[in-house]
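Structure record follows, encoded as structure tokens.
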Amino acid sequence: QVQLLESGGGLVQAGGSLALSCVASGRTFDTTAMGWFRQTPGNQREFVAAVNWSGDKTYYRDSVKGRFTISRDNAKNTVHLQMNSLKPEDTAVYYCAQDERTFYSGSYYPAETFSPWGQGTQVTVSA
């Protein structure tokens, strides 16, 4: 059973930066895409970014394009989310998750295809 552990959340002023990391245990890390999602109270979890299994394809929701960068290091079973030019509307709990599809490199990443999930890390951006 793969387990995911996120770190790097916190409080930052608008315009600032935060870097999230997610370390995965288990032997299937380098065969699956990894994703970051976020959720605010009363709302559904929403897709933020994904990186394919080999790390050469990345996908983002429109509102974070040009500001966020997802990357992975398969040798260290780690996926990162660098968040720059943060806005108050980026405030949410951010979750790392593993895609259940092996060797998938397409552009469709619904939350339903991801399991397991990390415990989440709070990101708060003040105005």
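In the structure tokens, each chain is lettered A, B, ... as it comes, each chain's residues begin at 1, and ligands are numbered from 1 in order of appearance.
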**OP:** Apply DSSP to the backbone of this structure and, from chain A, keep only the residues in strand (DSSP E or B); write these as number ranges by chain.
**Re:** A: 3-7, 10-13, 18-25, 32-39, 46-51, 58-60, 68-73, 78-83, 92-102, 114-117, 121-126
**OP:** For Ser63 (chain A), work out the shell of residues within 10 Å, counting only C-alpha atoms and skipping chain neighbours fewer than 5 positions away, then give it as a PyMOL selection string.
**Re:** chain A and resi 48+68+89-90
Can I get the selection written as a CSV table (one decimal), in the first residue's frame, with C-alpha atoms?
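Saved result, selection.csv, follows:
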```
chain,number,residue,atom,x,y,z
A,48,VAL,CA,-4.5,21.7,-9.7
A,68,PHE,CA,2.6,26.9,-10.4
A,89,GLU,CA,-8.1,32.5,-4.0
A,90,ASP,CA,-5.3,29.9,-3.9
```
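Of the residues under consideration (A:Asn43, A:Gln3, A:Asn52, A:Thr124), A:Gln3 shows the shortest atom-to-atom contact distance to Gly26 (chain A) when counting only C-alpha atoms.
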Subject >> For Ala14 (chain A): contacts at 9 Å, only C-alpha atoms, fewer than 4 positions along chain excluded, given as a PyMOL selection string >> reply: chain A and resi 85-88+125-127
**OP:** Write out as a PyMOL selection string which residues come within 12 Å of Phe29 (chain A) when counting only C-alpha atoms, dropping same-chain ones fewer than 3 positions away.
**Re:** chain A and resi 1-4+22-26+32-35+51-55+72-79+97-103+115-116
Could you save the residues just selected, with C-alpha atoms, as a PDB file, in the first residue's frame?
```
ATOM      1  CA  GLN A   1       0.000   0.000   0.000  1.00  0.00           C
ATOM      2  CA  VAL A   2       1.465   3.318  -1.105  1.00  0.00           C
ATOM      3  CA  GLN A   3       1.399   6.099   1.457  1.00  0.00           C
ATOM      4  CA  LEU A   4       1.786   9.777   0.638  1.00  0.00           C
ATOM      5  CA  CYS A  22       4.992  14.857  -1.372  1.00  0.00           C
ATOM      6  CA  VAL A  23       6.983  11.749  -0.559  1.00  0.00           C
ATOM      7  CA  ALA A  24       5.575   8.374  -1.536  1.00  0.00           C
ATOM      8  CA  SER A  25       6.376   5.032  -0.014  1.00  0.00           C
ATOM      9  CA  GLY A  26       5.958   1.939  -2.130  1.00  0.00           C
ATOM     10  CA  THR A  32       1.967   6.314 -12.421  1.00  0.00           C
ATOM     11  CA  ALA A  33       1.111   9.956 -12.807  1.00  0.00           C
ATOM     12  CA  MET A  34       0.993  12.107  -9.690  1.00  0.00           C
ATOM     13  CA  GLY A  35      -1.361  14.964  -9.046  1.00  0.00           C
ATOM     14  CA  VAL A  51       2.730  15.165 -13.994  1.00  0.00           C
ATOM     15  CA  ASN A  52       2.874  11.958 -15.996  1.00  0.00           C
ATOM     16  CA  TRP A  53       4.777   8.877 -14.879  1.00  0.00           C
ATOM     17  CA  SER A  54       8.022   9.819 -16.621  1.00  0.00           C
ATOM     18  CA  GLY A  55       7.911  13.486 -15.696  1.00  0.00           C
ATOM     19  CA  ARG A  72       8.825  14.820  -9.848  1.00  0.00           C
ATOM     20  CA  ASP A  73      11.977  12.996  -8.853  1.00  0.00           C
ATOM     21  CA  ASN A  74      11.404   9.281  -9.357  1.00  0.00           C
ATOM     22  CA  ALA A  75      14.722   8.402  -7.750  1.00  0.00           C
ATOM     23  CA  LYS A  76      13.454   9.989  -4.519  1.00  0.00           C
ATOM     24  CA  ASN A  77       9.756   9.041  -4.873  1.00  0.00           C
ATOM     25  CA  THR A  78       8.924  12.714  -4.567  1.00  0.00           C
ATOM     26  CA  VAL A  79       6.617  15.130  -6.357  1.00  0.00           C
ATOM     27  CA  ALA A  97      -2.455  11.854  -4.915  1.00  0.00           C
ATOM     28  CA  GLN A  98      -1.345   8.945  -7.066  1.00  0.00           C
ATOM     29  CA  ASP A  99      -3.082   8.091 -10.313  1.00  0.00           C
ATOM     30  CA  GLU A 100      -4.261   4.478 -10.389  1.00  0.00           C
ATOM     31  CA  ARG A 101      -3.614   4.194 -14.130  1.00  0.00           C
ATOM     32  CA  THR A 102      -0.155   2.923 -14.962  1.00  0.00           C
ATOM     33  CA  PHE A 103       1.927   4.568 -17.697  1.00  0.00           C
ATOM     34  CA  SER A 115      -5.841   6.735  -4.947  1.00  0.00           C
ATOM     35  CA  PRO A 116      -4.282   6.913  -2.443  1.00  0.00           C
TER      36      PRO A 116
END
```
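Nearest to Glu46 (chain A) of all the residues A:Gly16, A:Arg61, A:Gln82, A:Val123 is A:Arg61, based on only C-alpha atoms.
Among the candidates A:Ala49, A:Cys96, A:Leu11, A:Leu18, the residue lying nearest to Val64 (chain A) is A:Ala49 (atoms considered: only C-alpha atoms).
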